[in-house]
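Enquirer: Just so it is clear, I am handing over data-v1.csv, which has CSV, C-alpha atoms.
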```csv
chain,number,residue,atom,x,y,z
R,1,MET,CA,116.6,105.3,105.0
R,2,PRO,CA,114.0,106.8,107.4
R,3,ARG,CA,112.2,108.1,104.3
R,4,CYS,CA,112.1,104.6,102.8
R,5,LYS,CA,110.7,103.2,106.1
R,6,ILE,CA,108.0,105.8,106.1
R,7,LEU,CA,107.2,105.0,102.4
R,8,SER,CA,107.0,101.3,103.1
R,9,TYR,CA,104.5,101.9,105.9
R,10,ALA,CA,102.5,104.2,103.6
R,11,PHE,CA,102.6,101.5,100.9
R,12,ALA,CA,101.4,98.9,103.4
R,13,MET,CA,98.3,101.0,104.0
R,14,ILE,CA,97.2,101.0,100.4
R,15,PRO,CA,94.3,98.6,100.2
R,16,LEU,CA,94.6,97.8,96.5
R,17,LYS,CA,97.3,95.1,96.2
R,18,LYS,CA,98.1,95.9,92.6
R,19,TRP,CA,98.8,99.5,93.4
R,20,GLN,CA,100.7,98.6,96.4
R,21,ASP,CA,102.9,96.2,94.4
R,22,PHE,CA,103.4,98.8,91.7
R,23,LEU,CA,104.5,101.5,94.1
R,24,ILE,CA,106.9,99.1,96.0
R,25,ARG,CA,108.5,97.9,92.8
R,26,HIS,CA,108.7,101.4,91.5
R,27,HIS,CA,110.5,102.6,94.6
R,28,MET,CA,112.7,99.6,95.1
R,29,GLU,CA,114.0,99.6,91.5
R,30,ARG,CA,115.0,103.3,91.8
R,31,CYS,CA,116.2,103.7,95.4
R,32,PRO,CA,119.9,102.9,95.7
R,33,GLU,CA,119.6,102.6,99.5
R,34,CYS,CA,116.9,100.0,99.2
R,35,GLN,CA,118.9,98.1,96.6
R,36,ASN,CA,121.7,97.9,99.1
R,37,GLY,CA,119.3,96.5,101.6
R,38,LEU,CA,118.6,93.4,99.5
R,39,ALA,CA,120.2,90.0,100.2
R,40,THR,CA,122.5,88.8,97.4
R,41,VAL,CA,122.2,85.4,95.7
R,42,GLU,CA,125.1,84.2,97.8
R,43,ASP,CA,123.4,85.3,101.0
R,44,VAL,CA,120.3,83.4,100.0
R,45,ARG,CA,122.2,80.3,98.9
R,46,GLY,CA,123.8,80.3,102.3
R,47,ILE,CA,120.5,79.7,104.0
R,48,ILE,CA,118.5,77.4,101.7
R,49,ILE,CA,118.7,73.7,101.3
R,50,PRO,CA,120.9,73.0,98.2
R,51,GLU,CA,119.9,70.6,95.5
R,52,SER,CA,123.0,68.5,96.3
R,53,GLN,CA,121.7,67.7,99.8
R,54,CYS,CA,118.5,66.2,98.3
R,55,GLN,CA,120.0,64.4,95.4
R,56,GLU,CA,120.8,61.3,97.4
R,57,ILE,CA,117.5,61.1,99.2
R,58,ALA,CA,115.9,57.9,98.1
R,59,THR,CA,112.2,58.7,97.7
R,60,SER,CA,110.1,55.6,97.8
R,61,TRP,CA,108.9,54.5,94.3
R,62,ASP,CA,106.4,52.3,96.2
R,63,GLY,CA,105.1,55.3,98.0
R,64,PHE,CA,104.6,57.1,94.7
R,65,GLN,CA,102.9,54.1,93.2
R,66,ALA,CA,100.6,53.7,96.2
R,67,LYS,CA,99.6,57.4,95.9
R,68,LEU,CA,99.2,57.0,92.2
R,69,LYS,CA,96.8,54.0,92.7
R,70,LYS,CA,94.9,56.0,95.3
R,71,GLY,CA,94.7,59.0,92.9
R,72,GLU,CA,93.4,56.9,90.0
R,73,ARG,CA,90.8,55.1,92.2
R,74,GLU,CA,89.7,58.2,94.0
R,75,GLU,CA,86.3,59.3,92.9
R,76,PRO,CA,85.3,62.9,93.6
R,77,HIS,CA,84.5,63.1,97.3
R,78,LEU,CA,81.0,64.1,98.2
R,79,TYR,CA,82.4,67.0,100.2
R,80,SER,CA,85.2,68.0,97.9
R,81,SER,CA,85.3,71.6,96.7
R,82,ARG,CA,83.9,70.6,93.2
R,83,TRP,CA,80.9,68.9,94.8
R,84,ARG,CA,80.5,71.8,97.3
R,85,TRP,CA,80.2,74.1,94.3
R,86,ALA,CA,77.7,71.8,92.7
R,87,TYR,CA,75.6,71.7,95.8
R,88,ALA,CA,75.7,75.5,96.1
R,89,MET,CA,74.7,75.9,92.5
R,90,ALA,CA,71.9,73.4,92.8
R,91,GLY,CA,70.7,75.3,95.9
R,92,LEU,CA,70.8,78.6,94.0
R,93,VAL,CA,68.8,77.1,91.1
R,94,VAL,CA,66.1,75.8,93.5
R,95,LEU,CA,65.9,79.2,95.2
R,96,ALA,CA,65.7,81.0,91.9
R,97,ALA,CA,63.0,78.6,90.7
R,98,ALA,CA,61.0,79.1,93.9
R,99,ALA,CA,61.4,82.9,93.7
R,100,ILE,CA,60.2,82.9,90.0
R,101,LEU,CA,57.2,80.7,91.1
R,102,VAL,CA,56.3,83.1,93.9
R,103,ILE,CA,56.6,86.2,91.6
R,104,LYS,CA,54.7,84.7,88.7
R,105,THR,CA,51.8,83.3,90.7
R,106,PRO,CA,49.0,86.0,90.9
R,107,PRO,CA,48.3,87.0,94.5
R,108,PHE,CA,45.1,85.7,96.0
R,109,HIS,CA,43.1,88.9,96.1
R,110,LYS,CA,40.6,89.8,98.7
R,111,ALA,CA,38.1,90.6,96.0
R,112,GLN,CA,38.5,87.1,94.6
R,113,LEU,CA,37.8,85.6,98.0
R,114,GLU,CA,34.7,87.7,98.4
R,115,GLU,CA,33.6,86.7,95.0
R,116,ARG,CA,33.9,83.1,95.9
R,117,LEU,CA,32.0,83.7,99.1
R,118,ILE,CA,29.3,85.6,97.2
R,119,GLY,CA,29.1,82.7,94.8
R,120,HIS,CA,28.3,80.5,97.7
R,121,PHE,CA,25.7,82.8,99.2
R,122,ARG,CA,22.4,81.1,98.9
R,123,ILE,CA,19.0,81.2,100.6
R,124,ASN,CA,17.3,77.9,100.7
R,125,TYR,CA,14.0,78.7,102.3
R,126,ILE,CA,12.3,81.7,103.8
R,127,ARG,CA,9.2,81.7,105.9
R,128,ILE,CA,7.3,84.8,107.2
R,129,GLU,CA,4.7,84.3,109.9
R,130,ASN,CA,5.0,80.6,109.4
R,131,LYS,CA,4.2,80.8,105.8
R,132,PRO,CA,6.5,80.4,102.8
R,133,ALA,CA,7.8,83.8,101.6
R,134,GLN,CA,9.6,85.1,98.6
R,135,ALA,CA,13.2,86.1,98.8
R,136,TYR,CA,15.2,88.5,96.6
R,137,VAL,CA,18.9,88.8,96.8
R,138,TYR,CA,20.4,92.0,95.4
R,139,GLN,CA,24.0,93.3,95.3
R,140,PRO,CA,24.7,96.8,94.1
R,141,GLN,CA,27.4,97.1,91.5
R,142,ASP,CA,30.9,97.6,92.8
R,143,SER,CA,29.8,97.0,96.3
R,144,ASN,CA,30.4,94.2,98.8
R,145,MET,CA,26.9,94.8,100.3
R,146,ILE,CA,24.3,92.1,99.7
R,147,ILE,CA,20.7,93.1,100.3
R,148,VAL,CA,18.2,90.3,101.0
R,149,TRP,CA,14.6,91.3,100.5
R,150,ALA,CA,11.9,88.9,101.8
R,151,GLN,CA,8.2,89.4,101.2
R,152,LYS,CA,5.0,87.5,101.9
R,153,ASN,CA,3.6,85.6,99.1
R,154,ILE,CA,0.8,87.6,97.5
R,155,ARG,CA,-2.1,85.4,96.9
R,156,GLY,CA,-2.4,84.3,93.3
R,157,GLU,CA,1.3,84.6,92.5
T,1,MET,CA,122.7,59.5,86.2
T,2,CYS,CA,124.4,62.1,83.9
T,3,LYS,CA,123.1,60.2,80.8
T,4,VAL,CA,119.6,60.5,82.2
T,5,ARG,CA,120.1,64.2,83.0
T,6,ASN,CA,121.0,64.9,79.4
T,7,MET,CA,118.0,63.1,78.0
T,8,ASP,CA,115.4,65.3,76.5
T,9,ASP,CA,112.4,65.7,78.8
T,10,ASN,CA,110.0,65.6,75.9
T,11,LEU,CA,111.3,62.3,74.7
T,12,LEU,CA,110.8,60.8,78.2
T,13,LEU,CA,107.4,62.3,78.5
T,14,LYS,CA,106.3,60.9,75.1
T,15,SER,CA,107.6,57.6,76.1
T,16,CYS,CA,105.6,57.8,79.4
T,17,LEU,CA,102.5,58.6,77.4
T,18,GLN,CA,103.0,55.4,75.5
T,19,GLY,CA,102.9,53.5,78.9
T,20,GLU,CA,106.6,53.3,79.7
T,21,VAL,CA,106.5,53.6,83.5
T,22,GLU,CA,110.2,53.1,83.8
T,23,ASP,CA,110.8,56.3,81.9
T,24,PHE,CA,108.6,58.2,84.3
T,25,ARG,CA,110.8,56.9,87.1
T,26,LYS,CA,113.8,58.3,85.2
T,27,LEU,CA,112.1,61.6,85.0
T,28,MET,CA,111.4,61.5,88.7
T,29,ASP,CA,115.1,60.7,89.4
T,30,LYS,CA,116.2,63.5,87.1
T,31,TYR,CA,114.2,66.2,89.0
T,32,ARG,CA,114.3,64.6,92.5
T,33,GLY,CA,117.1,66.8,93.8
T,34,LYS,CA,115.7,70.1,92.5
T,35,SER,CA,112.1,69.3,93.5
T,36,LEU,CA,112.9,68.0,96.9
T,37,ALA,CA,115.1,71.0,97.6
T,38,LEU,CA,112.4,73.4,96.6
T,39,ALA,CA,109.7,71.6,98.6
T,40,TRP,CA,111.9,71.3,101.6
T,41,ASN,CA,112.8,75.0,101.6
T,42,ILE,CA,109.1,75.9,101.3
T,43,LEU,CA,107.7,73.4,103.9
T,44,GLY,CA,110.7,73.3,106.3
T,45,ASN,CA,110.9,69.6,106.8
T,46,ARG,CA,111.9,66.6,104.9
T,47,GLU,CA,108.8,64.3,105.4
T,48,ASP,CA,106.4,66.9,104.1
T,49,ALA,CA,108.7,67.7,101.3
T,50,GLU,CA,108.8,64.0,100.2
T,51,ASP,CA,105.0,63.9,100.4
T,52,ALA,CA,104.6,67.0,98.3
T,53,PHE,CA,107.2,65.7,95.8
T,54,GLN,CA,105.3,62.4,95.4
T,55,GLU,CA,101.9,64.1,95.2
T,56,ALA,CA,103.2,66.5,92.6
T,57,PHE,CA,104.5,63.6,90.4
T,58,VAL,CA,101.2,61.7,90.8
T,59,GLN,CA,99.5,64.8,89.4
T,60,VAL,CA,102.0,65.1,86.7
T,61,TYR,CA,101.5,61.4,85.7
T,62,LEU,CA,97.7,61.7,85.8
T,63,ASN,CA,97.8,64.8,83.6
T,64,LEU,CA,100.6,64.0,81.2
T,65,GLU,CA,98.1,64.3,78.3
T,66,LYS,CA,97.4,67.9,79.2
T,67,PHE,CA,101.1,68.9,79.0
T,68,ASP,CA,101.9,71.4,76.4
T,69,PHE,CA,105.1,70.1,74.7
T,70,THR,CA,106.0,73.6,73.5
T,71,LYS,CA,106.6,74.6,77.1
T,72,ASN,CA,109.2,73.8,79.7
T,73,PHE,CA,108.5,70.7,81.7
T,74,LYS,CA,110.5,71.9,84.7
T,75,ASP,CA,108.3,75.1,85.0
T,76,TRP,CA,105.2,72.9,84.8
T,77,LEU,CA,106.5,70.6,87.5
T,78,PHE,CA,107.5,73.5,89.7
T,79,THR,CA,104.1,75.1,89.3
T,80,ILE,CA,102.4,71.8,90.4
T,81,LEU,CA,104.9,71.3,93.2
T,82,SER,CA,104.5,74.8,94.5
T,83,ASN,CA,100.8,74.4,94.6
T,84,LYS,CA,101.1,71.1,96.5
T,85,CYS,CA,103.3,72.9,99.0
T,86,LEU,CA,100.9,75.8,99.4
T,87,ASP,CA,98.1,73.2,99.9
T,88,GLN,CA,100.1,71.5,102.6
T,89,LEU,CA,100.9,74.8,104.3
T,90,ARG,CA,97.2,75.7,104.3
T,91,LYS,CA,96.2,72.3,105.7
T,92,ARG,CA,98.9,72.7,108.4
T,93,ALA,CA,97.6,76.2,109.3
T,94,ARG,CA,94.1,74.8,109.6
T,95,PHE,CA,95.3,71.9,111.7
T,96,ILE,CA,97.2,74.1,114.1
T,97,LYS,CA,94.3,76.6,114.3
T,98,PHE,CA,91.9,73.8,115.1
T,99,PHE,CA,94.1,72.3,117.8
T,100,LYS,CA,95.0,75.7,119.3
T,101,THR,CA,91.3,76.3,120.0
T,102,GLN,CA,90.5,72.7,120.9
T,103,LYS,CA,93.5,71.1,122.7
T,104,SER,CA,96.4,73.1,124.0
T,105,GLU,CA,97.6,69.9,125.5
T,106,PHE,CA,98.1,68.4,122.0
T,107,LEU,CA,100.1,71.4,120.9
T,108,GLU,CA,102.4,71.1,123.9
T,109,ARG,CA,103.0,67.5,122.9
T,110,MET,CA,103.7,68.6,119.3
T,111,ASN,CA,106.2,71.2,120.5
T,112,ARG,CA,108.2,68.7,122.5
T,113,PRO,CA,111.6,67.9,121.1
T,114,GLN,CA,111.5,64.9,118.8
T,115,LEU,CA,113.1,61.6,119.8
T,116,ASN,CA,115.0,61.4,116.5
T,117,PRO,CA,115.8,64.9,115.4
T,118,ASP,CA,118.0,63.6,112.5
T,119,ARG,CA,114.9,62.2,110.8
T,120,SER,CA,113.2,65.5,110.5
T,121,PRO,CA,115.6,68.4,110.5
T,122,VAL,CA,113.9,71.8,110.4
T,123,VAL,CA,115.6,74.1,108.0
T,124,SER,CA,116.5,77.7,109.0
T,125,PRO,CA,113.1,77.9,110.8
T,126,LYS,CA,113.5,81.4,112.1
T,127,LEU,CA,114.6,82.8,108.9
T,128,LEU,CA,112.4,81.1,106.3
T,129,GLN,CA,109.3,81.3,108.5
T,130,LYS,CA,109.7,85.1,108.4
T,131,LEU,CA,108.9,84.9,104.7
T,132,ASN,CA,105.4,84.2,103.4
T,133,PRO,CA,105.1,81.0,101.2
T,134,ARG,CA,105.1,82.9,97.9
T,135,GLU,CA,108.2,84.9,99.0
T,136,ARG,CA,109.8,81.6,99.9
T,137,ILE,CA,109.1,80.1,96.5
T,138,SER,CA,110.3,83.2,94.7
T,139,VAL,CA,113.6,83.4,96.6
T,140,CYS,CA,114.3,79.7,96.3
T,141,LEU,CA,113.7,79.7,92.6
T,142,TRP,CA,115.8,82.8,92.2
T,143,ALA,CA,118.8,81.7,94.2
T,144,GLY,CA,118.5,77.9,93.7
T,145,GLU,CA,117.5,77.7,90.1
T,146,GLY,CA,118.5,81.0,88.7
T,147,TYR,CA,115.0,81.9,87.7
T,148,THR,CA,114.2,85.4,86.5
T,149,SER,CA,111.1,87.2,87.7
T,150,ASN,CA,109.3,86.3,84.5
T,151,GLU,CA,110.0,82.6,85.1
T,152,ILE,CA,109.0,82.9,88.7
T,153,ALA,CA,105.8,84.6,87.6
T,154,SER,CA,105.0,81.6,85.3
T,155,VAL,CA,105.4,79.2,88.2
T,156,LEU,CA,103.4,81.3,90.6
T,157,LYS,CA,100.8,82.2,88.0
T,158,CYS,CA,101.1,85.9,88.8
T,159,SER,CA,102.4,88.9,86.9
T,160,PRO,CA,106.2,89.4,86.6
T,161,SER,CA,105.7,92.7,88.5
T,162,THR,CA,104.1,90.8,91.5
T,163,ALA,CA,106.9,88.2,91.3
T,164,ARG,CA,109.5,90.9,91.5
T,165,VAL,CA,107.8,92.4,94.6
T,166,HIS,CA,107.7,89.0,96.3
T,167,LEU,CA,111.4,88.7,95.5
T,168,PHE,CA,112.2,92.2,96.8
T,169,LYS,CA,110.4,91.6,100.0
T,170,ALA,CA,112.0,88.2,100.6
T,171,ARG,CA,115.5,89.6,99.9
T,172,ARG,CA,114.9,92.6,102.2
T,173,LYS,CA,113.7,90.4,105.0
T,174,ILE,CA,116.7,88.0,104.6
T,175,LYS,CA,119.1,90.9,104.6
T,176,MET,CA,117.6,92.4,107.7
T,177,PHE,CA,117.7,89.1,109.5
T,178,LEU,CA,121.3,88.4,108.5
T,179,GLU,CA,122.3,91.9,109.7
T,180,ASP,CA,120.5,91.4,113.0
T,181,LYS,CA,122.2,88.0,113.4
T,182,ASN,CA,125.6,89.5,112.7
T,183,ALA,CA,125.0,92.4,115.1
T,184,SER,CA,124.0,90.0,117.9
T,185,LEU,CA,127.2,87.9,117.4
```
Starting from the coordinates I provided, produce the structure as structure tokens.
Expert:
Amino acid sequence: MPRCKILSYAFAMIPLKKWQDFLIRHHMERCPECQNGLATVEDVRGIIIPESQCQEIATSWDGFQAKLKKGEREEPHLYSSRWRWAYAMAGLVVLAAAAILVIKTPPFHKAQLEERLIGHFRINYIRIENKPAQAYVYQPQDSNMIIVWAQKNIRGE
Amino acid sequence: MCKVRNMDDNLLLKSCLQGEVEDFRKLMDKYRGKSLALAWNILGNREDAEDAFQEAFVQVYLNLEKFDFTKNFKDWLFTILSNKCLDQLRKRARFIKFFKTQKSEFLERMNRPQLNPDRSPVVSPKLLQKLNPRERISVCLWAGEGYTSNEIASVLKCSPSTARVHLFKARRKIKMFLEDKNASL
């Protein structure tokens, strides 16, 4: 018997329920001591409510009908488990769509920003020594640097 | 009553499907004793048992079209009833948990002896509460209805092996309790 107790403690520590059940069943079906430690049908019948005691209980037919009407009328509640699942799934779909949108959208590169700024770089008017001058804007290839060259107007040009 | 008992369940069910409500009442009467006894043993009090019984029959009525006529009606009914009882136990556990944390005063009031104890007799509370609900269902079906572990498994929607383990555990706990009780006498 102490061996059986140790085994039952050991079985209780097994985390996988199926394995636990298998080992308990395997042991109980083969161990004569454990078989003797089981209540008989008569033992159990002595402690449960018998059918005969309930046979004469008059359950209300009106109560059943009221519940039936309620059951037929009842629309799925907004917070019932079915709806909760629907909300959760809708939330997941929205999240997934947002994630896809973020991943698919090309990142706003720094280079693109600079390109835009460069696109907007403009010299309207240059004067040197109070006289209109000529301006040259130059950007070397693969460089962010912009060189602005201004020179006096050469007579005749 | 005997005549009704001998009537074929399938005939009654088919008649119910054609809209004969009175035949459904006969079906309820036929299984009233067995169903109430099972629910009472699982839930421990009569009012909850009657509630579960009515709710189970409402579900049966609303799902009559889904019933597989090749299967046993009693097993189907007991499956629905057991699930209703397990639902009630879960609700009760949530209710008690809530009030334990919120209002100890309310619990004290709940634990006071009732004014009319005959109305709500609690069945073998110490003993049956030592079993978990599935063990309770297994042992009641086994001793009360003569179900085998395969039949218990079909009601509990588990494997026969698991049903056998529920039964072993329940019977072991009952035996231990009875031995302790005899020793203390």
Enquirer: Can you check which residues of chain T have any atom within 8 Å of chain R? Use all atoms listed in the file and format it as an NGL selection string.
Expert: :T and (25 or 32-34 or 36-38 or 40-41 or 50 or 54-55 or 57-58 or 62 or 123-124 or 139-140 or 142-144 or 161-162 or 164-165 or 168 or 171-176)
Enquirer: Using Å and a single decimal, report how far CA of Lys169 (chain T) sits from CA of Phe78 (chain T).
Expert: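 Between these atoms lies a distance of 21.0 Å.
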Enquirer: Hey, can you check how far CA of Gln18 (chain T) sits from CA of Asp68 (chain T)?
Expert: 16.1 Å
Enquirer: Could you state the separation of CA of Gln151 (chain R) and CA of Gln134 (chain R) in Å, given to one decimal place?
Expert: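 Pair CA of Gln151 (chain R) / CA of Gln134 (chain R) returns 5.2 Å.
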